[in-house]
file run06.cif (mmCIF, C-alpha atoms)
data_run
loop_
_atom_site.label_atom_id
_atom_site.label_comp_id
_atom_site.auth_asym_id
_atom_site.auth_seq_id
_atom_site.Cartn_x
_atom_site.Cartn_y
_atom_site.Cartn_z
CA MET A 1 -41.67 -68.79 -12.73
CA LEU A 2 -43.85 -66.98 -15.25
CA TRP A 3 -44.64 -70.00 -17.41
CA LYS A 4 -47.60 -72.14 -16.33
CA ASP A 5 -48.56 -75.54 -17.67
CA LYS A 6 -52.07 -74.28 -18.38
CA TYR A 7 -50.55 -72.13 -21.18
CA ARG A 8 -49.55 -75.25 -23.12
CA LEU A 9 -51.36 -75.57 -26.44
CA GLY A 10 -50.28 -79.09 -27.34
CA VAL A 11 -48.37 -77.94 -30.43
CA PRO A 12 -44.69 -78.72 -29.67
CA LEU A 13 -43.07 -75.98 -31.80
CA ILE A 14 -45.40 -73.23 -30.56
CA ASP A 15 -45.21 -74.40 -26.93
CA ALA A 16 -41.40 -74.39 -27.05
CA GLN A 17 -41.38 -70.87 -28.48
CA HIS A 18 -43.86 -69.65 -25.87
CA GLN A 19 -41.70 -71.08 -23.09
CA GLU A 20 -38.67 -69.33 -24.57
CA LEU A 21 -40.60 -66.04 -24.72
CA PHE A 22 -41.76 -66.36 -21.11
CA SER A 23 -38.25 -67.26 -20.00
CA ARG A 24 -36.74 -64.20 -21.73
CA VAL A 25 -39.42 -61.85 -20.44
CA GLU A 26 -38.89 -63.21 -16.93
CA ALA A 27 -35.11 -62.72 -17.13
CA PHE A 28 -35.69 -59.21 -18.47
CA MET A 29 -38.09 -58.42 -15.64
CA VAL A 30 -35.81 -59.82 -12.93
CA THR A 31 -32.94 -57.69 -14.25
CA LEU A 32 -35.06 -54.59 -14.59
CA ARG A 33 -36.59 -54.93 -11.11
CA SER A 34 -33.30 -55.70 -9.36
CA ASP A 35 -31.49 -53.25 -7.09
CA ALA A 36 -28.53 -53.04 -9.47
CA SER A 37 -27.64 -49.67 -10.96
CA TRP A 38 -29.09 -48.76 -14.34
CA GLU A 39 -25.59 -48.94 -15.83
CA GLU A 40 -25.35 -52.57 -14.72
CA LYS A 41 -28.80 -53.38 -16.15
CA VAL A 42 -28.33 -51.75 -19.54
CA ARG A 43 -26.44 -54.63 -21.17
CA LYS A 44 -29.15 -57.18 -20.34
CA VAL A 45 -31.89 -54.75 -21.32
CA ASN A 46 -30.27 -54.09 -24.69
CA GLU A 47 -29.84 -57.81 -25.23
CA THR A 48 -33.52 -58.50 -24.47
CA LEU A 49 -34.75 -55.72 -26.69
CA ALA A 50 -32.69 -57.03 -29.62
CA PHE A 51 -33.97 -60.55 -28.93
CA MET A 52 -37.60 -59.45 -28.74
CA LYS A 53 -37.34 -57.58 -32.03
CA SER A 54 -36.22 -60.67 -33.91
CA TYR A 55 -37.76 -63.54 -31.93
CA VAL A 56 -41.24 -62.08 -31.69
CA VAL A 57 -41.32 -61.76 -35.49
CA GLU A 58 -40.01 -65.31 -35.91
CA HIS A 59 -42.47 -66.80 -33.41
CA PHE A 60 -45.46 -64.93 -34.82
CA ARG A 61 -44.51 -66.04 -38.33
CA ASP A 62 -44.38 -69.70 -37.25
CA GLU A 63 -47.65 -69.41 -35.32
CA GLU A 64 -49.38 -67.72 -38.26
CA GLN A 65 -48.13 -70.41 -40.64
CA TYR A 66 -49.54 -73.02 -38.29
CA GLN A 67 -52.89 -71.20 -38.33
CA ILE A 68 -52.88 -71.17 -42.14
CA ASP A 69 -51.99 -74.88 -42.21
CA ILE A 70 -54.94 -75.81 -39.99
CA ARG A 71 -57.27 -73.26 -41.66
CA TYR A 72 -57.91 -71.42 -38.42
CA PRO A 73 -60.92 -69.10 -38.94
CA GLY A 74 -59.56 -66.54 -36.48
CA TYR A 75 -56.34 -66.11 -38.46
CA GLU A 76 -56.96 -62.51 -39.68
CA ARG A 77 -57.88 -61.26 -36.21
CA HIS A 78 -54.96 -63.09 -34.60
CA LYS A 79 -52.52 -61.76 -37.17
CA ALA A 80 -53.74 -58.21 -36.57
CA ILE A 81 -52.95 -58.63 -32.85
CA HIS A 82 -49.48 -59.94 -33.71
CA ASP A 83 -48.87 -57.07 -36.13
CA GLY A 84 -49.84 -54.57 -33.44
CA MET A 85 -47.31 -56.07 -31.02
CA VAL A 86 -44.52 -56.14 -33.62
CA GLN A 87 -45.17 -52.48 -34.32
CA TYR A 88 -45.19 -51.64 -30.61
CA VAL A 89 -41.86 -53.42 -29.98
CA SER A 90 -40.34 -51.66 -32.97
CA GLU A 91 -41.58 -48.24 -31.82
CA VAL A 92 -40.29 -48.80 -28.29
CA ALA A 93 -36.87 -49.88 -29.62
CA GLU A 94 -36.65 -46.73 -31.74
CA GLU A 95 -37.75 -44.52 -28.86
CA TYR A 96 -35.26 -46.22 -26.53
CA GLU A 97 -32.44 -45.49 -28.93
CA ARG A 98 -33.63 -41.93 -29.49
CA ARG A 99 -33.79 -41.22 -25.75
CA GLY A 100 -30.39 -42.84 -25.14
CA CYS A 101 -31.31 -45.90 -23.04
CA ASP A 102 -34.09 -44.57 -20.80
CA GLU A 103 -34.94 -46.72 -17.76
CA GLN A 104 -38.47 -45.36 -17.31
CA LEU A 105 -39.35 -46.36 -20.87
CA MET A 106 -38.09 -49.89 -20.23
CA GLN A 107 -40.10 -50.20 -17.00
CA GLN A 108 -43.22 -49.24 -18.97
CA PHE A 109 -42.31 -51.64 -21.78
CA CYS A 110 -41.79 -54.50 -19.35
CA GLY A 111 -45.13 -53.92 -17.58
CA LYS A 112 -47.08 -53.93 -20.82
CA LEU A 113 -45.13 -56.86 -22.27
CA LEU A 114 -45.83 -58.95 -19.16
CA ALA A 115 -49.59 -58.36 -19.19
CA TRP A 116 -49.84 -58.63 -22.99
CA LEU A 117 -47.97 -61.93 -23.14
CA ILE A 118 -50.00 -63.53 -20.35
CA ASN A 119 -53.29 -62.50 -21.91
CA HIS A 120 -52.24 -63.46 -25.41
CA VAL A 121 -51.11 -66.96 -24.46
CA ALA A 122 -53.78 -67.57 -21.78
CA ALA A 123 -56.70 -66.28 -23.86
CA GLU A 124 -56.06 -65.72 -27.57
CA ASP A 125 -53.80 -68.71 -28.17
CA GLN A 126 -56.07 -70.98 -26.15
CA ARG A 127 -58.86 -70.24 -28.63
CA LEU A 128 -56.51 -71.46 -31.34
CA ALA A 129 -55.71 -74.60 -29.30
CA ARG A 130 -59.41 -75.36 -28.74
CA TYR A 131 -60.05 -75.11 -32.49
CA ALA A 132 -57.09 -77.40 -33.26
CA ILE A 133 -58.25 -79.99 -30.70
CA ASP A 134 -61.87 -79.84 -31.89
CA LYS A 135 -60.73 -80.41 -35.47
CA GLY A 136 -58.16 -83.03 -34.47
CA VAL A 137 -55.34 -81.09 -36.15
CA GLN A 138 -53.21 -80.12 -33.14
CA GLY A 139 -50.19 -81.88 -34.64
CA MET B 1 -79.92 -49.28 -22.95
CA THR B 2 -77.86 -48.90 -19.79
CA ASP B 3 -78.15 -52.59 -18.98
CA ARG B 4 -77.18 -53.64 -22.53
CA LEU B 5 -74.03 -51.53 -22.26
CA TYR B 6 -73.24 -52.33 -18.63
CA GLN B 7 -73.26 -56.13 -18.81
CA PRO B 8 -70.42 -56.45 -21.36
CA PHE B 9 -68.14 -54.60 -18.91
CA VAL B 10 -69.08 -57.04 -16.13
CA GLU B 11 -68.59 -60.05 -18.37
CA ALA B 12 -65.28 -58.88 -19.88
CA THR B 13 -63.77 -57.88 -16.53
CA ARG B 14 -64.67 -61.19 -14.91
CA SER B 15 -63.34 -63.16 -17.87
CA VAL B 16 -60.02 -61.29 -18.05
CA PHE B 17 -59.42 -61.55 -14.30
CA GLN B 18 -60.12 -65.29 -14.47
CA LEU B 19 -57.94 -66.00 -17.50
CA MET B 20 -55.02 -63.71 -16.71
CA LEU B 21 -54.95 -63.75 -12.93
CA ASP B 22 -56.90 -66.88 -11.92
CA LEU B 23 -59.16 -64.63 -9.87
CA GLN B 24 -62.86 -65.18 -9.32
CA ALA B 25 -64.53 -61.79 -9.56
CA THR B 26 -67.91 -60.75 -8.23
CA GLU B 27 -69.94 -57.66 -8.96
CA CYS B 28 -70.86 -55.58 -5.93
CA PRO B 29 -72.34 -52.13 -5.21
CA ALA B 30 -69.99 -49.28 -6.08
CA ASP B 31 -71.30 -47.06 -3.26
CA GLY B 32 -68.59 -46.06 -0.82
CA PHE B 33 -65.69 -46.96 -3.09
CA SER B 34 -63.15 -44.36 -2.02
CA PRO B 35 -59.88 -46.05 -1.10
CA ALA B 36 -56.68 -44.05 -0.80
CA GLY B 37 -53.98 -44.16 -3.44
CA VAL B 38 -56.12 -44.92 -6.47
CA THR B 39 -54.59 -45.01 -9.97
CA ASP B 40 -57.13 -44.03 -12.61
CA ILE B 41 -56.66 -45.51 -16.09
CA SER B 42 -58.88 -43.95 -18.73
CA VAL B 43 -59.73 -45.72 -21.98
CA GLY B 44 -61.52 -43.59 -24.58
CA ILE B 45 -64.30 -45.08 -26.71
CA VAL B 46 -65.19 -43.90 -30.23
CA GLY B 47 -67.66 -45.09 -32.85
CA ASP B 48 -71.37 -45.80 -32.38
CA LEU B 49 -70.79 -44.91 -28.74
CA THR B 50 -68.46 -42.17 -27.52
CA GLY B 51 -67.07 -41.57 -24.08
CA GLU B 52 -64.73 -43.43 -21.81
CA VAL B 53 -64.34 -46.00 -19.13
CA VAL B 54 -62.11 -45.13 -16.19
CA TYR B 55 -60.63 -48.08 -14.32
CA ARG B 56 -59.99 -47.12 -10.70
CA PHE B 57 -57.28 -49.38 -9.24
CA PRO B 58 -56.57 -48.94 -5.51
CA GLU B 59 -52.87 -49.27 -4.65
CA GLU B 60 -53.33 -52.63 -2.93
CA THR B 61 -55.21 -54.07 -5.90
CA SER B 62 -52.57 -52.85 -8.37
CA LEU B 63 -49.74 -54.34 -6.35
CA ASN B 64 -51.53 -57.66 -5.77
CA MET B 65 -52.54 -58.10 -9.40
CA VAL B 66 -49.07 -57.33 -10.74
CA LYS B 67 -47.57 -59.64 -8.13
CA ILE B 68 -49.83 -62.45 -9.39
CA MET B 69 -48.63 -61.82 -12.93
CA CYS B 70 -44.91 -61.46 -12.29
CA GLY B 71 -44.46 -63.62 -9.19
CA MET B 72 -42.31 -60.97 -7.53
CA GLU B 73 -42.87 -58.75 -4.51
CA ILE B 74 -43.80 -55.27 -5.67
CA GLU B 75 -43.58 -52.46 -3.16
CA ALA B 76 -44.84 -49.39 -4.95
CA VAL B 77 -47.00 -48.33 -7.86
CA ASP B 78 -44.34 -47.23 -10.33
CA GLU B 79 -44.09 -47.09 -14.15
CA PHE B 80 -43.89 -50.90 -14.38
CA VAL B 81 -47.04 -51.43 -12.31
CA THR B 82 -48.97 -48.60 -13.97
CA SER B 83 -48.10 -49.94 -17.40
CA ALA B 84 -49.16 -53.49 -16.46
CA ILE B 85 -52.54 -52.42 -15.05
CA SER B 86 -53.05 -50.10 -18.03
CA GLU B 87 -52.64 -53.11 -20.29
CA ILE B 88 -55.19 -55.04 -18.21
CA ALA B 89 -57.60 -52.11 -18.68
CA ASN B 90 -56.80 -52.11 -22.40
CA ILE B 91 -57.47 -55.86 -22.69
CA ILE B 92 -60.77 -55.66 -20.80
CA SER B 93 -61.89 -52.71 -22.95
CA GLY B 94 -60.97 -54.55 -26.15
CA ASN B 95 -63.05 -57.53 -25.04
CA VAL B 96 -65.95 -55.19 -24.19
CA MET B 97 -65.84 -53.80 -27.74
CA THR B 98 -66.06 -57.35 -29.11
CA LEU B 99 -69.12 -58.02 -26.94
CA LEU B 100 -70.72 -54.69 -27.91
CA ALA B 101 -70.24 -55.55 -31.58
CA GLU B 102 -72.50 -58.55 -30.99
CA SER B 103 -75.21 -56.03 -30.01
CA ASP B 104 -74.51 -54.06 -33.20
CA TYR B 105 -72.49 -51.30 -31.54
CA LYS B 106 -69.36 -50.80 -33.64
CA CYS B 107 -66.80 -49.06 -31.46
CA ASP B 108 -63.04 -48.75 -31.05
CA ILE B 109 -60.91 -47.93 -28.06
CA LEU B 110 -58.14 -45.39 -27.68
CA PRO B 111 -54.83 -46.22 -25.96
CA PRO B 112 -55.10 -46.23 -22.15
CA ALA B 113 -53.93 -43.12 -20.34
CA VAL B 114 -53.42 -42.29 -16.70
CA GLY B 115 -55.98 -39.70 -15.73
CA GLU B 116 -59.24 -39.01 -13.97
CA GLU B 117 -62.61 -39.10 -15.71
CA THR B 118 -63.62 -36.26 -18.01
CA PRO B 119 -66.60 -34.36 -16.58
CA GLY B 120 -69.63 -34.14 -18.88
CA ASP B 121 -73.20 -35.18 -19.51
CA TYR B 122 -73.55 -38.83 -20.41
CA ALA B 123 -76.62 -40.85 -21.38
CA VAL B 124 -75.00 -43.81 -19.65
CA SER B 125 -73.21 -43.07 -16.40
CA SER B 126 -72.69 -46.22 -14.35
CA ASP B 127 -70.17 -47.27 -11.76
CA LEU B 128 -69.27 -50.93 -11.63
CA ARG B 129 -67.36 -52.40 -8.72
CA ILE B 130 -65.68 -55.75 -9.14
CA SER B 131 -64.43 -57.54 -6.07
CA THR B 132 -61.64 -60.15 -6.00
CA THR B 133 -59.35 -61.65 -3.38
CA ALA B 134 -56.59 -59.40 -4.79
CA GLY B 135 -58.71 -56.34 -4.10
CA ASP B 136 -61.48 -54.37 -5.76
CA VAL B 137 -61.56 -52.34 -8.97
CA CYS B 138 -64.16 -49.75 -9.90
CA LEU B 139 -65.12 -48.99 -13.50
CA ALA B 140 -66.67 -45.60 -14.21
CA ILE B 141 -68.57 -46.11 -17.48
CA ARG B 142 -69.46 -42.86 -19.26
CA LEU B 143 -71.05 -43.20 -22.70
CA ASN B 144 -73.18 -41.33 -25.20
CA PRO B 145 -74.67 -42.56 -28.45
CA ALA B 146 -72.75 -40.99 -31.35
CA GLY B 147 -74.35 -38.23 -33.40
#
call {"tool": "encode", "arguments": {"input": "run06.cif", "output": "structure tokens"}}
result
Amino acid sequence: MLWKDKYRLGVPLIDAQHQELFSRVEAFMVTLRSDASWEEKVRKVNETLAFMKSYVVEHFRDEEQYQIDIRYPGYERHKAIHDGMVQYVSEVAEEYERRGCDEQLMQQFCGKLLAWLINHVAAEDQRLARYAIDKGVQG
Amino acid sequence: MTDRLYQPFVEATRSVFQLMLDLQATECPADGFSPAGVTDISVGIVGDLTGEVVYRFPEETSLNMVKIMCGMEIEAVDEFVTSAISEIANIISGNVMTLLAESDYKCDILPPAVGEETPGDYAVSSDLRISTTAGDVCLAIRLNPAG
């Protein structure tokens, strides 16, 4: 299981969204790394890509609103990291469509997504959690 | 100067390995680092300093680190693995830039790319070897002051 309890921030909405993200990325990875043929994997891959495009935006929006609400001083930096990821997902989705469902591109996407998500939640979001706890505004 | 630029790489690598992979990392001499099947990930640096850092991931290290992240057995260094370790290199490099900014070096990084180091003359040319239970990684740090 990708999700670890140490990733929990103590903010119920954000923690639930993180768990959903980890769960989707894990399902995506298991499908992509399975021995099934690419034709069999394509449906799940397309589903995940569509989900990521919408859910990542939704989750980042909620997390950014939370940062505004608690006056998090790292908001601008954190938002810039989110914006970079939204742009990356969008570019990959366009490239995937342009290339006509390319497996190699999805393997690369999955590798980066995995490492990015772990670092973001284990490092960047923990800074946010520490601030919220220190200020007593974790909600 | 070399020490001021070298330490942020040590600190950032150790911190990222701890946070992302739960690995304790120790610095050790880079002499004799020549394992087979190394994947080189180059991250360009621009700004007050120019050059690159090349992360040298032996096959075993790549497979072990990605296995820690994904919880699955990985048998070969393929696009998935290369992309995941490239992102680790990207994250470490980004953290190094943050640490360098505290020493008044304003620099940016370029996207990671698979490739060996670019030959050239560098004011700072250091090799850093980091050892973990998942395997070792070597960082070839090649930098010049801009201008």
call {"tool": "closest_atom_pairs", "arguments": {"input": "run06.cif", "of": "chain B", "to": "chain A", "cutoff": "7 Å", "atoms": "all atoms listed in the file", "output": "Markdown table"}}
result
| residue | atom | partner | partner_atom | distance |
| --- | --- | --- | --- | --- |
| B:Leu19 | CA | A:Ala122 | CA | 6.2 |
| B:Met20 | CA | A:Asn119 | CA | 5.6 |
| B:Cys70 | CA | A:Leu2 | CA | 6.4 |
| B:Gly71 | CA | A:Met1 | CA | 6.9 |
| B:Glu79 | CA | A:Gln108 | CA | 5.3 |
| B:Phe80 | CA | A:Gly111 | CA | 4.6 |
| B:Val81 | CA | A:Gly111 | CA | 6.1 |
| B:Ser83 | CA | A:Gly111 | CA | 5.0 |
| B:Ala84 | CA | A:Gly111 | CA | 4.2 |
| B:Glu87 | CA | A:Lys112 | CA | 5.6 |
| B:Ile88 | CA | A:Ala115 | CA | 6.6 |
call {"tool": "resolve_selection", "arguments": {"input": "run06.cif", "expression": "the PyMOL selection byres ((chain A and resi 13) around 12)", "output": "number ranges by chain"}}
result
A: 8-12, 14-20, 58-63, 65-66, 138-139
call {"tool": "resolve_selection", "arguments": {"input": "run06.cif", "expression": "the PyMOL selection byres ((chain B and resi 139) around 8)", "output": "ChimeraX atom specification"}}
result
/B:53-56,127-129,137-138,140-141
call {"tool": "closest_residue", "arguments": {"input": "run06.cif", "among": "A:Ala27, A:Ala132, A:Ala50, A:Val57", "to": "A:His82", "atoms": "only C-alpha atoms"}}
result
A:Val57
call {"tool": "atom_distance", "arguments": {"input": "run06.cif", "atom1": "atom CA of A:Thr31", "atom2": "atom CA of A:Asp102"}}
result
14.7 Å
call {"tool": "resolve_selection", "arguments": {"input": "run06.cif", "expression": "the PyMOL selection byres ((chain B and resi 114) around 7)", "output": "PyMOL selection string"}}
result
chain B and resi 40-42+112-113+115
call {"tool": "write_last_selection", "arguments": {"input": "run06.cif", "atoms": "C-alpha atoms", "output": "CSV table (one decimal), in the frame of the given file"}}
result
chain,number,residue,atom,x,y,z
B,40,ASP,CA,-57.1,-44.0,-12.6
B,41,ILE,CA,-56.7,-45.5,-16.1
B,42,SER,CA,-58.9,-44.0,-18.7
B,112,PRO,CA,-55.1,-46.2,-22.2
B,113,ALA,CA,-53.9,-43.1,-20.3
B,115,GLY,CA,-56.0,-39.7,-15.7
call {"tool": "residues_near_point", "arguments": {"input": "run06.cif", "point": "(-37.3, -52.3, -24.4)", "cutoff": "7 Å", "atoms": "only C-alpha atoms", "output": "count of residues only"}}
result
7
call {"tool": "atom_distance", "arguments": {"input": "run06.cif", "atom1": "atom CA of B:Leu110", "atom2": "atom CA of B:Val96"}}
result
13.0 Å
call {"tool": "closest_residue", "arguments": {"input": "run06.cif", "among": "B:Pro111, B:Pro119, B:Gly37, B:Gly32", "to": "B:Leu63", "atoms": "all atoms listed in the file"}}
result
B:Gly37
call {"tool": "residues_around", "arguments": {"input": "run06.cif", "residues": "B:Thr82", "least_positions_apart": "4", "cutoff": "8 Å", "atoms": "only C-alpha atoms", "output": "ChimeraX atom specification"}}
result
/A:108,111 /B:39,62,77-78,86
call {"tool": "atom_distance", "arguments": {"input": "run06.cif", "atom1": "atom CA of A:Phe28", "atom2": "atom CA of B:Glu59"}}
result
24.2 Å
call {"tool": "closest_residue", "arguments": {"input": "run06.cif", "among": "B:Val43, B:Leu49, B:Leu23, B:Ala76", "to": "B:Ala101", "atoms": "all atoms listed in the file"}}
result
B:Leu49
call {"tool": "closest_residue", "arguments": {"input": "run06.cif", "among": "B:Ile85, B:Cys107, B:Leu100, B:Ser126", "to": "B:Thr61", "atoms": "all atoms listed in the file"}}
result
B:Ile85
call {"tool": "residues_near_point", "arguments": {"input": "run06.cif", "point": "(-75.3, -39.9, -33.8)", "cutoff": "12 Å", "atoms": "all atoms listed in the file", "output": "short mmCIF file (atom, residue, chain, number, x, y, z; two decimals) with C-alpha atoms, in the frame of the given file"}}
result
data_model
loop_
_atom_site.label_atom_id
_atom_site.label_comp_id
_atom_site.auth_asym_id
_atom_site.auth_seq_id
_atom_site.Cartn_x
_atom_site.Cartn_y
_atom_site.Cartn_z
CA VAL B 46 -65.19 -43.90 -30.23
CA GLY B 47 -67.66 -45.09 -32.85
CA ASP B 48 -71.37 -45.80 -32.38
CA LEU B 49 -70.79 -44.91 -28.74
CA THR B 50 -68.46 -42.17 -27.52
CA TYR B 105 -72.49 -51.30 -31.54
CA ASN B 144 -73.18 -41.33 -25.20
CA PRO B 145 -74.67 -42.56 -28.45
CA ALA B 146 -72.75 -40.99 -31.35
CA GLY B 147 -74.35 -38.23 -33.40
#
call {"tool": "closest_residue", "arguments": {"input": "run06.cif", "among": "A:Asp5, A:Asp69, A:Asp83, A:Asp35", "to": "A:Val137", "atoms": "all atoms listed in the file"}}
result
A:Asp69
call {"tool": "residues_around", "arguments": {"input": "run06.cif", "residues": "B:Ala12", "least_positions_apart": "2", "cutoff": "6 Å", "atoms": "only C-alpha atoms", "output": "list in words"}}
result
Pro8, Phe9, Val10, Arg14, Ser15, Ile92, Asn95 and Val96 of chain B
call {"tool": "build_atoms", "arguments": {"input": "run06.cif", "residues": "stretch 40-58 of chain B", "atoms": "N, CA, C and O atoms", "output": "short mmCIF file (atom, residue, chain, number, x, y, z; two decimals), in the frame of the given file"}}
result
data_model
loop_
_atom_site.label_atom_id
_atom_site.label_comp_id
_atom_site.auth_asym_id
_atom_site.auth_seq_id
_atom_site.Cartn_x
_atom_site.Cartn_y
_atom_site.Cartn_z
N ASP B 40 -56.05 -44.03 -11.62
CA ASP B 40 -57.13 -44.03 -12.61
C ASP B 40 -56.55 -44.24 -14.00
O ASP B 40 -55.66 -43.50 -14.43
N ILE B 41 -57.07 -45.25 -14.71
CA ILE B 41 -56.66 -45.51 -16.09
C ILE B 41 -57.88 -45.27 -16.98
O ILE B 41 -58.89 -45.97 -16.86
N SER B 42 -57.76 -44.30 -17.86
CA SER B 42 -58.88 -43.95 -18.73
C SER B 42 -58.69 -44.55 -20.12
O SER B 42 -57.62 -44.46 -20.71
N VAL B 43 -59.76 -45.18 -20.62
CA VAL B 43 -59.73 -45.72 -21.98
C VAL B 43 -60.87 -45.06 -22.76
O VAL B 43 -62.05 -45.24 -22.42
N GLY B 44 -60.52 -44.29 -23.77
CA GLY B 44 -61.52 -43.59 -24.58
C GLY B 44 -62.23 -44.56 -25.52
O GLY B 44 -61.65 -45.55 -25.95
N ILE B 45 -63.50 -44.24 -25.81
CA ILE B 45 -64.30 -45.08 -26.71
C ILE B 45 -64.84 -44.19 -27.83
O ILE B 45 -65.38 -43.10 -27.56
N VAL B 46 -64.69 -44.65 -29.07
CA VAL B 46 -65.19 -43.90 -30.23
C VAL B 46 -65.96 -44.85 -31.15
O VAL B 46 -65.76 -46.05 -31.11
N GLY B 47 -66.86 -44.27 -31.93
CA GLY B 47 -67.66 -45.09 -32.85
C GLY B 47 -69.13 -44.87 -32.60
O GLY B 47 -69.56 -43.72 -32.39
N ASP B 48 -69.93 -45.93 -32.62
CA ASP B 48 -71.37 -45.80 -32.38
C ASP B 48 -71.65 -45.25 -30.98
O ASP B 48 -72.72 -44.70 -30.72
N LEU B 49 -70.71 -45.48 -30.08
CA LEU B 49 -70.79 -44.91 -28.74
C LEU B 49 -69.53 -44.08 -28.52
O LEU B 49 -68.46 -44.47 -28.98
N THR B 50 -69.66 -42.96 -27.83
CA THR B 50 -68.46 -42.17 -27.52
C THR B 50 -68.41 -41.92 -26.02
O THR B 50 -69.45 -41.85 -25.36
N GLY B 51 -67.24 -41.81 -25.51
CA GLY B 51 -67.07 -41.57 -24.08
C GLY B 51 -65.82 -42.24 -23.58
O GLY B 51 -64.80 -42.28 -24.28
N GLU B 52 -65.91 -42.79 -22.39
CA GLU B 52 -64.73 -43.43 -21.81
C GLU B 52 -65.14 -44.37 -20.69
O GLU B 52 -66.26 -44.31 -20.19
N VAL B 53 -64.20 -45.23 -20.37
CA VAL B 53 -64.34 -46.00 -19.13
C VAL B 53 -63.07 -45.75 -18.33
O VAL B 53 -61.97 -45.82 -18.88
N VAL B 54 -63.27 -45.38 -17.07
CA VAL B 54 -62.11 -45.13 -16.19
C VAL B 54 -62.02 -46.28 -15.19
O VAL B 54 -62.97 -46.55 -14.45
N TYR B 55 -60.88 -46.97 -15.24
CA TYR B 55 -60.63 -48.08 -14.32
C TYR B 55 -59.93 -47.51 -13.10
O TYR B 55 -58.85 -46.94 -13.21
N ARG B 56 -60.55 -47.70 -11.94
CA ARG B 56 -59.99 -47.12 -10.70
C ARG B 56 -59.36 -48.27 -9.89
O ARG B 56 -60.06 -49.09 -9.30
N PHE B 57 -58.03 -48.31 -9.93
CA PHE B 57 -57.28 -49.38 -9.24
C PHE B 57 -56.72 -48.84 -7.92
O PHE B 57 -55.79 -48.02 -7.94
N PRO B 58 -57.21 -49.30 -6.78
CA PRO B 58 -56.57 -48.94 -5.51
C PRO B 58 -55.14 -49.50 -5.48
O PRO B 58 -54.85 -50.51 -6.15
#
